[in-house]
Amino acid sequence: MVRRGMKAVFAGFVLAGLIVSSDAGWSQVGGAQAGMVPFSIDHRAGMGKDSPVDVSFLLDAPAGKHGFIKVKDGHLATGDGRRIKFWGVNITDWSKGSRQIPAKEDAALWAATLARFGVNSVRFQFLDLPAPRGLVKAGTGMTRELDPEQVDREDYFIAELEKRGIYIDFNLLVGRPFTEGDGVKDAKLLREGAKGTSLFDARMIELEKEYARQLLDHLNPYTHVKYTQDAAVALVEINNEDAINVGYKGPSSFYDDELEAMYTAWLRKHKDAAQMASLQRAAYVGADATVPLMNRRGQSAGAPEERLQTEAAFYDDLERNYFDDFKRYLQGTLGSKSLVIATADHSHSSSGYPVLLAEAGMDVIDGHTYWEHPEYYVHKSPMVDDPANSMVVELARSAIAGKPYTVSEVNEPFPNDYAGEGIPILAAYASLQDWDGIFWYTFEPKASAEWKPYVGDAFDLSLDPVKMPELAEGALMFLRGDVRKAVSTDTRTYSRQQVADSMILPAGDRPFFTAGFPPMLPLEHEVRIGSLDGPATAAFASEAVGKAIVSDTGELAWYTGLPHMGEVTIDTPRTQGLIGFTAEGKATSHLAAGVRNGFATILLTSLDEKPVATSSRMLLVAGGTVQNSGQVWNAARTEVSNFGGSPTLIEQVTGNVTLRGLNGARGVTVQAMDGAGQPLGAAVQATRHAGEWQLALGVPVSTWYLVQVTR
């Protein structure tokens with residue numbers, strides 16, 4: 001099933017029905033939460049203080065100082081030709097007290113916080129909402145005017161981000177609530193952002209171009225440059241998660257009729273008399289009748305191949321023309337120098353290949369996915385137990401040879417007792433796959449007056465006491481390339497007929513790859529699409545043996561078996577990791593764990609650019625389950641009846657972590673960090689035994705630690 005949907009629906013449900021008072025205290029915790037302890041992230045307390053686990057040194061400030069981001073050798077590069085990767089977050093405001101556009105007095109706080117955790121890029125997604133959430137002026141009966149005060153605050157925030165080396169990704173059409181006052185027909189019947197319909201309706205396209213001009217051709221008074229000429233604006237996305245497919249049905253007869261008229265005109269242009277006669281017979285209409293579009297999925301599935309292929313070609317032209325025309329408008333008419341993304345391949349219950357085919361003229365390809373999106377999944381299972389259906393495998397279907405590939409939305413949403421696995425696993429395998437960017441969904445800046453230390457919605461990682469330290473660790477791993485690119489690349493191809501036929505595959509077929517392309521391959525080799533307009537792919541052999549799926553670099557291994565036995569290991573010179581169920585005692589070259597937790601994420605990464613074997617300073621992240629106080633699972637632990645409130649609670653990772661192969665080490669200490677990235681208590685000496693060093697975890701309570709080695 002789909003793992004991505006309308007986040008507003010879920011957020012509204014949570015805020016309206018599940019969250020208890022965020023003043024709920026520790027004294028209320030009991031039952032299933034017995035043994036869990038409070039640990040809260042506090043960004044405000046860390047403002048203006050040096051932190052020993054600050055990884056902002058990864059950023060090259062200010063953003064854009066080397067010129068506009070470009071494509072070089074199929075990857076993103078700075079203006080002077082150096083490879084650049086983006087480790088980013090989306091900025092949103094779904095939970096109570098959050099601000100997509102923070103107040104000016106908070107802009108520096110949030111920009112500095114993101115930099116401290118290694119974030120070098122942000123994606124602004126819902127700016128097309130009315131104020132006070134977005135940039136659109138409220139109360140006018142239309143969405144055509146921007147609010148000057150909102151724009152000013154956004155300009156100031158962006159200037160603070162850029163100053164610290166953080167690049168910008170603007171998404172132009174996401175949740176805009178078109179109105180009748182905009183001149184949009186049947187506006188109240190449209191989905192958020194007018195999905196599907198916005199790809200062909202002339203009025204909506206005109207309005208989107210107007211918004212793009214208002215936003216991008218605007219001079220930021222704090223950077224003294226227009227966004228079209230701002231080298232820190234790396235990416236511009238035309239339309240969020242939008243595509244049209246055979247069997248599309250519009251929100252009203254007006255849009256059905258509009259699309260039918262476009263199809264009729266397209267047939268006249270592309271089909272001769274004999275071809276039209278054949279198509280009319282396939283559609284069971286008379287010689288003088290127009291050929292109707294198939295407007296139901298079941299009807300499409302049973303259609304003659306000729307009719308399916310013809311309609312697929314029409315939709316391909318429609319999408320391609322929309323994307324290509326909009327790109328020309330951005331880069332030609334407006335003069336934007338940013339790279340352009342069309343939309344994301346996002347629906348993993350159906351084929352993404354038709355929209356990827358239509359994106360051939362774009363600069364960058366993009367993908368989205370979630371592990372067990374809360375709208376569609378309720379079993380809350382661990383991804384480590386299901387590698388074939390993992391986020392890695394889903395996202396790998398979209399990467400195209402010769403094009404940069406970014407993932408602009410991804411997360412393992414809260415609540416899920418195993419959610420700490422997502423960030424390190426994807427950081428590792430995105431490096432193996434040589435992808436160009438990961439943008440986590442989502443980071444929500446908090447207003448000071450309404451800040452409470454708990455996870456406020458399914459997607460917000462800003463106060464998650466495991467995911468935030470992992471964000472810093474993931475930045476180290478991904479941005480500096482600690483995991484090597486795969487040795488070999490498996491490239492598959494598709495014919496146009498296959499692309500069209502994939503539109504009507506049942507959702508259960510999970511059409512990620514052609515027959516003969518094992519879904520485990522992205523865990524072993526780099527994978528790419530070579531062509532969507534060529535021959536069918538050859539068969540490929542998986543090299544997975546037994547319970548282990550090992551990357552061809554030998555640095556990553558995914559172990560499977562019975563439920564609750566999955567584990568991923570990362571074994572590179574600068575990063576070591578044990579992710580999942582540790583009962584079988586897996587170890588890496590420098591890291592072993594003897595912890596009492598059934599499930600844990602244990603990561604060790606050098607902070608001084610040296611290999612672990614010779615490093616003097618390392619970041620250790622040790623995380624287990626995260627819950628809100630008062631959170632209540634049902635008996636099967638598949639969904640919550642109470643989302644809970646503050647403070648957040650963690651299952652403390654307790655036991656011993658063993659460090660091996662520390663060349664010349666004479667002493668090792670471990671210093672716990674608090675939620676502001678400051679030292680918590682005194683540093684503790686590790687115990688030496690037979691050349692190995694044992695670190696005791698559990699007291700004081702924390703999820704991240706500074707490890708220092710003296711020689």
# chains A, B, ... in the order shown; residues from 1 in each chain; ligands from 1
call {"tool": "select_by_dssp", "arguments": {"residues": "range 567-620 of chain A", "states": "strand (DSSP E)", "output": "NGL selection string"}}
result
:A and (567-571 or 575-581 or 591-595 or 599-606 or 617-620)
call {"tool": "write_last_selection", "arguments": {"atoms": "N, CA, C and O atoms", "output": "tab-separated table (two decimals), in the first residue's frame"}}
result
chain	number	residue	atom	x	y	z
A	567	GLU	N	19.10	-7.28	11.29
A	567	GLU	CA	20.13	-6.36	11.76
A	567	GLU	C	20.96	-5.89	10.57
A	567	GLU	O	21.24	-6.65	9.64
A	568	VAL	N	21.33	-4.61	10.60
A	568	VAL	CA	22.21	-4.04	9.58
A	568	VAL	C	23.50	-3.64	10.25
A	568	VAL	O	23.49	-3.02	11.33
A	569	THR	N	24.62	-3.99	9.63
A	569	THR	CA	25.92	-3.57	10.15
A	569	THR	C	26.61	-2.65	9.15
A	569	THR	O	26.51	-2.85	7.94
A	570	ILE	N	27.29	-1.65	9.68
A	570	ILE	CA	28.07	-0.69	8.89
A	570	ILE	C	29.50	-0.80	9.36
A	570	ILE	O	29.79	-0.62	10.56
A	571	ASP	N	30.40	-1.09	8.44
A	571	ASP	CA	31.80	-1.32	8.83
A	571	ASP	C	32.71	-0.59	7.84
A	571	ASP	O	33.14	-1.15	6.84
A	575	THR	N	33.09	5.10	10.09
A	575	THR	CA	31.79	4.88	10.71
A	575	THR	C	31.56	3.39	10.93
A	575	THR	O	31.77	2.57	10.04
A	576	GLN	N	31.10	3.06	12.13
A	576	GLN	CA	30.74	1.71	12.51
A	576	GLN	C	29.31	1.73	13.02
A	576	GLN	O	28.89	2.68	13.69
A	577	GLY	N	28.53	0.69	12.70
A	577	GLY	CA	27.15	0.70	13.14
A	577	GLY	C	26.55	-0.67	13.33
A	577	GLY	O	26.87	-1.61	12.58
A	578	LEU	N	25.70	-0.80	14.35
A	578	LEU	CA	24.89	-1.99	14.61
A	578	LEU	C	23.46	-1.52	14.76
A	578	LEU	O	23.13	-0.79	15.70
A	579	ILE	N	22.58	-1.94	13.84
A	579	ILE	CA	21.22	-1.41	13.79
A	579	ILE	C	20.24	-2.56	13.76
A	579	ILE	O	20.23	-3.34	12.80
A	580	GLY	N	19.41	-2.68	14.80
A	580	GLY	CA	18.38	-3.71	14.78
A	580	GLY	C	18.39	-4.55	16.03
A	580	GLY	O	18.62	-4.07	17.15
A	581	PHE	N	18.15	-5.85	15.85
A	581	PHE	CA	18.06	-6.78	16.97
A	581	PHE	C	19.44	-7.37	17.24
A	581	PHE	O	19.99	-8.10	16.40
A	591	LEU	N	33.58	-2.25	16.63
A	591	LEU	CA	32.41	-2.04	17.50
A	591	LEU	C	31.70	-3.36	17.79
A	591	LEU	O	31.40	-4.13	16.87
A	592	ALA	N	31.43	-3.59	19.07
A	592	ALA	CA	30.60	-4.72	19.49
A	592	ALA	C	29.72	-4.23	20.63
A	592	ALA	O	30.04	-3.25	21.31
A	593	ALA	N	28.59	-4.89	20.81
A	593	ALA	CA	27.64	-4.45	21.83
A	593	ALA	C	27.17	-5.62	22.67
A	593	ALA	O	26.83	-6.68	22.13
A	594	GLY	N	27.13	-5.40	23.96
A	594	GLY	CA	26.52	-6.35	24.88
A	594	GLY	C	25.47	-5.60	25.67
A	594	GLY	O	25.67	-5.31	26.85
A	595	VAL	N	24.38	-5.24	25.00
A	595	VAL	CA	23.35	-4.41	25.63
A	595	VAL	C	22.13	-5.26	25.96
A	595	VAL	O	21.90	-6.32	25.38
A	599	PHE	N	16.07	-4.25	20.85
A	599	PHE	CA	16.28	-3.51	19.60
A	599	PHE	C	17.04	-2.23	19.95
A	599	PHE	O	16.70	-1.54	20.90
A	600	ALA	N	18.06	-1.92	19.16
A	600	ALA	CA	18.83	-0.72	19.42
A	600	ALA	C	19.55	-0.27	18.15
A	600	ALA	O	19.77	-1.05	17.22
A	601	THR	N	19.91	1.00	18.14
A	601	THR	CA	20.75	1.57	17.10
A	601	THR	C	22.01	2.08	17.78
A	601	THR	O	21.94	2.97	18.64
A	602	ILE	N	23.16	1.51	17.42
A	602	ILE	CA	24.44	1.90	18.03
A	602	ILE	C	25.38	2.29	16.90
A	602	ILE	O	25.70	1.48	16.03
A	603	LEU	N	25.81	3.55	16.93
A	603	LEU	CA	26.61	4.11	15.84
A	603	LEU	C	27.83	4.81	16.41
A	603	LEU	O	27.74	5.54	17.40
A	604	LEU	N	28.97	4.60	15.77
A	604	LEU	CA	30.22	5.23	16.19
A	604	LEU	C	30.87	5.86	14.96
A	604	LEU	O	31.12	5.19	13.96
A	605	THR	N	31.12	7.18	15.05
A	605	THR	CA	31.63	7.92	13.89
A	605	THR	C	32.71	8.90	14.34
A	605	THR	O	32.54	9.60	15.34
A	606	SER	N	33.80	8.96	13.60
A	606	SER	CA	34.88	9.88	13.96
A	606	SER	C	34.44	11.32	13.73
A	606	SER	O	33.72	11.63	12.78
A	617	ARG	N	38.55	11.79	18.69
A	617	ARG	CA	37.22	12.25	19.08
A	617	ARG	C	36.18	11.56	18.21
A	617	ARG	O	36.26	11.60	16.98
A	618	MET	N	35.19	10.93	18.84
A	618	MET	CA	34.16	10.21	18.09
A	618	MET	C	32.79	10.48	18.69
A	618	MET	O	32.65	10.72	19.90
A	619	LEU	N	31.78	10.43	17.84
A	619	LEU	CA	30.38	10.56	18.26
A	619	LEU	C	29.79	9.16	18.37
A	619	LEU	O	29.84	8.38	17.41
A	620	LEU	N	29.25	8.84	19.53
A	620	LEU	CA	28.57	7.58	19.76
A	620	LEU	C	27.09	7.86	19.96
A	620	LEU	O	26.72	8.65	20.83
call {"tool": "residues_around", "arguments": {"residues": "Asp385 in chain A", "least_positions_apart": "3", "cutoff": "9 Å", "atoms": "only C-alpha atoms", "output": "VMD selection string"}}
result
chain A and resid 381 to 382 559 to 567 580
call {"tool": "write_last_selection", "arguments": {"atoms": "C-alpha atoms", "output": "PDB file, in the first residue's frame"}}
result
ATOM      1  CA  SER A 381       6.975  -3.561  12.105  1.00  0.00           C
ATOM      2  CA  PRO A 382      10.760  -3.131  11.948  1.00  0.00           C
ATOM      3  CA  TYR A 559      21.046  -9.944   8.180  1.00  0.00           C
ATOM      4  CA  THR A 560      17.595 -11.484   8.077  1.00  0.00           C
ATOM      5  CA  GLY A 561      15.873 -14.492   9.551  1.00  0.00           C
ATOM      6  CA  LEU A 562      12.928 -14.995  11.828  1.00  0.00           C
ATOM      7  CA  PRO A 563      10.856 -11.964  12.828  1.00  0.00           C
ATOM      8  CA  HIS A 564      12.718  -9.656  15.180  1.00  0.00           C
ATOM      9  CA  MET A 565      16.112 -10.946  14.093  1.00  0.00           C
ATOM     10  CA  GLY A 566      16.977  -8.405  11.395  1.00  0.00           C
ATOM     11  CA  GLU A 567      20.135  -6.358  11.760  1.00  0.00           C
ATOM     12  CA  GLY A 580      18.381  -3.710  14.785  1.00  0.00           C
TER      13      GLY A 580
END
call {"tool": "select_by_dssp", "arguments": {"residues": "range 148-340 of chain A", "states": "alpha helix (DSSP H)", "output": "PyMOL selection string"}}
result
chain A and resi 148-163+202-216+253-270+273-282+297-301+305-328
call {"tool": "write_last_selection", "arguments": {"atoms": "C-alpha atoms", "output": "tab-separated table (two decimals), in the first residue's frame"}}
result
chain	number	residue	atom	x	y	z
A	148	PRO	CA	4.40	41.21	2.70
A	149	GLU	CA	5.07	40.46	6.38
A	150	GLN	CA	5.26	36.72	5.76
A	151	VAL	CA	7.55	37.22	2.79
A	152	ASP	CA	9.79	39.48	4.88
A	153	ARG	CA	10.11	36.88	7.64
A	154	GLU	CA	10.83	34.15	5.10
A	155	ASP	CA	13.48	36.30	3.42
A	156	TYR	CA	15.15	36.90	6.78
A	157	PHE	CA	15.10	33.19	7.66
A	158	ILE	CA	16.57	32.24	4.30
A	159	ALA	CA	19.34	34.80	4.71
A	160	GLU	CA	20.22	33.26	8.09
A	161	LEU	CA	20.24	29.77	6.57
A	162	GLU	CA	22.42	30.77	3.63
A	163	LYS	CA	24.86	32.56	5.93
A	202	ALA	CA	-4.70	26.27	-18.32
A	203	ARG	CA	-5.92	28.58	-15.56
A	204	MET	CA	-4.07	26.72	-12.81
A	205	ILE	CA	-0.88	26.65	-14.85
A	206	GLU	CA	-1.20	30.40	-15.38
A	207	LEU	CA	-1.66	30.93	-11.64
A	208	GLU	CA	1.30	28.72	-10.76
A	209	LYS	CA	3.53	30.72	-13.10
A	210	GLU	CA	2.28	33.92	-11.48
A	211	TYR	CA	3.21	32.56	-8.04
A	212	ALA	CA	6.63	31.44	-9.29
A	213	ARG	CA	7.30	34.96	-10.57
A	214	GLN	CA	6.14	36.56	-7.32
A	215	LEU	CA	8.38	34.31	-5.25
A	216	LEU	CA	11.49	33.79	-7.36
A	253	SER	CA	-17.34	17.08	-15.08
A	254	PHE	CA	-15.72	20.40	-16.05
A	255	TYR	CA	-12.22	18.88	-15.76
A	256	ASP	CA	-13.30	15.58	-17.30
A	257	ASP	CA	-14.62	17.48	-20.30
A	258	GLU	CA	-11.49	19.64	-20.50
A	259	LEU	CA	-9.26	16.57	-20.53
A	260	GLU	CA	-11.45	14.75	-23.04
A	261	ALA	CA	-11.24	17.74	-25.39
A	262	MET	CA	-7.43	17.75	-25.10
A	263	TYR	CA	-7.35	14.02	-25.85
A	264	THR	CA	-9.56	14.43	-28.91
A	265	ALA	CA	-7.31	17.22	-30.24
A	266	TRP	CA	-4.22	15.10	-29.56
A	267	LEU	CA	-5.68	12.15	-31.48
A	268	ARG	CA	-6.41	14.36	-34.49
A	269	LYS	CA	-2.79	15.50	-34.48
A	270	HIS	CA	-1.17	12.10	-33.99
A	273	ALA	CA	-7.70	7.87	-40.53
A	274	ALA	CA	-6.82	4.16	-40.43
A	275	GLN	CA	-5.37	4.42	-36.94
A	276	MET	CA	-8.42	6.32	-35.71
A	277	ALA	CA	-10.75	3.70	-37.16
A	278	SER	CA	-8.83	0.94	-35.40
A	279	LEU	CA	-8.88	2.84	-32.13
A	280	GLN	CA	-12.64	3.48	-32.44
A	281	ARG	CA	-13.23	-0.23	-32.85
A	282	ALA	CA	-11.08	-0.93	-29.78
A	297	ARG	CA	-8.92	1.77	-13.19
A	298	GLY	CA	-10.83	-1.46	-13.78
A	299	GLN	CA	-11.85	-0.32	-17.25
A	300	SER	CA	-8.19	0.44	-18.04
A	301	ALA	CA	-7.03	-2.94	-16.82
A	305	GLU	CA	-3.52	-3.01	-25.68
A	306	GLU	CA	-3.95	-0.52	-28.54
A	307	ARG	CA	-6.22	1.69	-26.47
A	308	LEU	CA	-3.98	1.49	-23.40
A	309	GLN	CA	-0.84	2.36	-25.36
A	310	THR	CA	-2.53	5.28	-27.12
A	311	GLU	CA	-3.84	6.77	-23.90
A	312	ALA	CA	-0.49	6.27	-22.18
A	313	ALA	CA	1.23	8.17	-25.01
A	314	PHE	CA	-1.26	11.03	-24.58
A	315	TYR	CA	-0.62	11.29	-20.86
A	316	ASP	CA	3.12	11.15	-21.44
A	317	ASP	CA	2.89	14.08	-23.85
A	318	LEU	CA	0.62	15.98	-21.48
A	319	GLU	CA	2.97	15.63	-18.49
A	320	ARG	CA	6.12	16.14	-20.54
A	321	ASN	CA	4.75	19.31	-22.15
A	322	TYR	CA	3.70	20.69	-18.75
A	323	PHE	CA	7.10	20.03	-17.16
A	324	ASP	CA	9.15	21.19	-20.15
A	325	ASP	CA	7.07	24.35	-20.59
A	326	PHE	CA	7.36	25.21	-16.91
A	327	LYS	CA	11.10	24.63	-16.91
A	328	ARG	CA	11.43	26.98	-19.90
call {"tool": "atom_distance", "arguments": {"atom1": "CA of Glu237 in chain A", "atom2": "CA of Arg144 in chain A"}}
result
19.2 Å
call {"tool": "atom_distance", "arguments": {"atom1": "CA of Lys226 in chain A", "atom2": "CA of Leu59 in chain A"}}
result
23.0 Å
call {"tool": "atom_distance", "arguments": {"atom1": "CA of Leu695 in chain A", "atom2": "CA of His590 in chain A"}}
result
12.9 Å
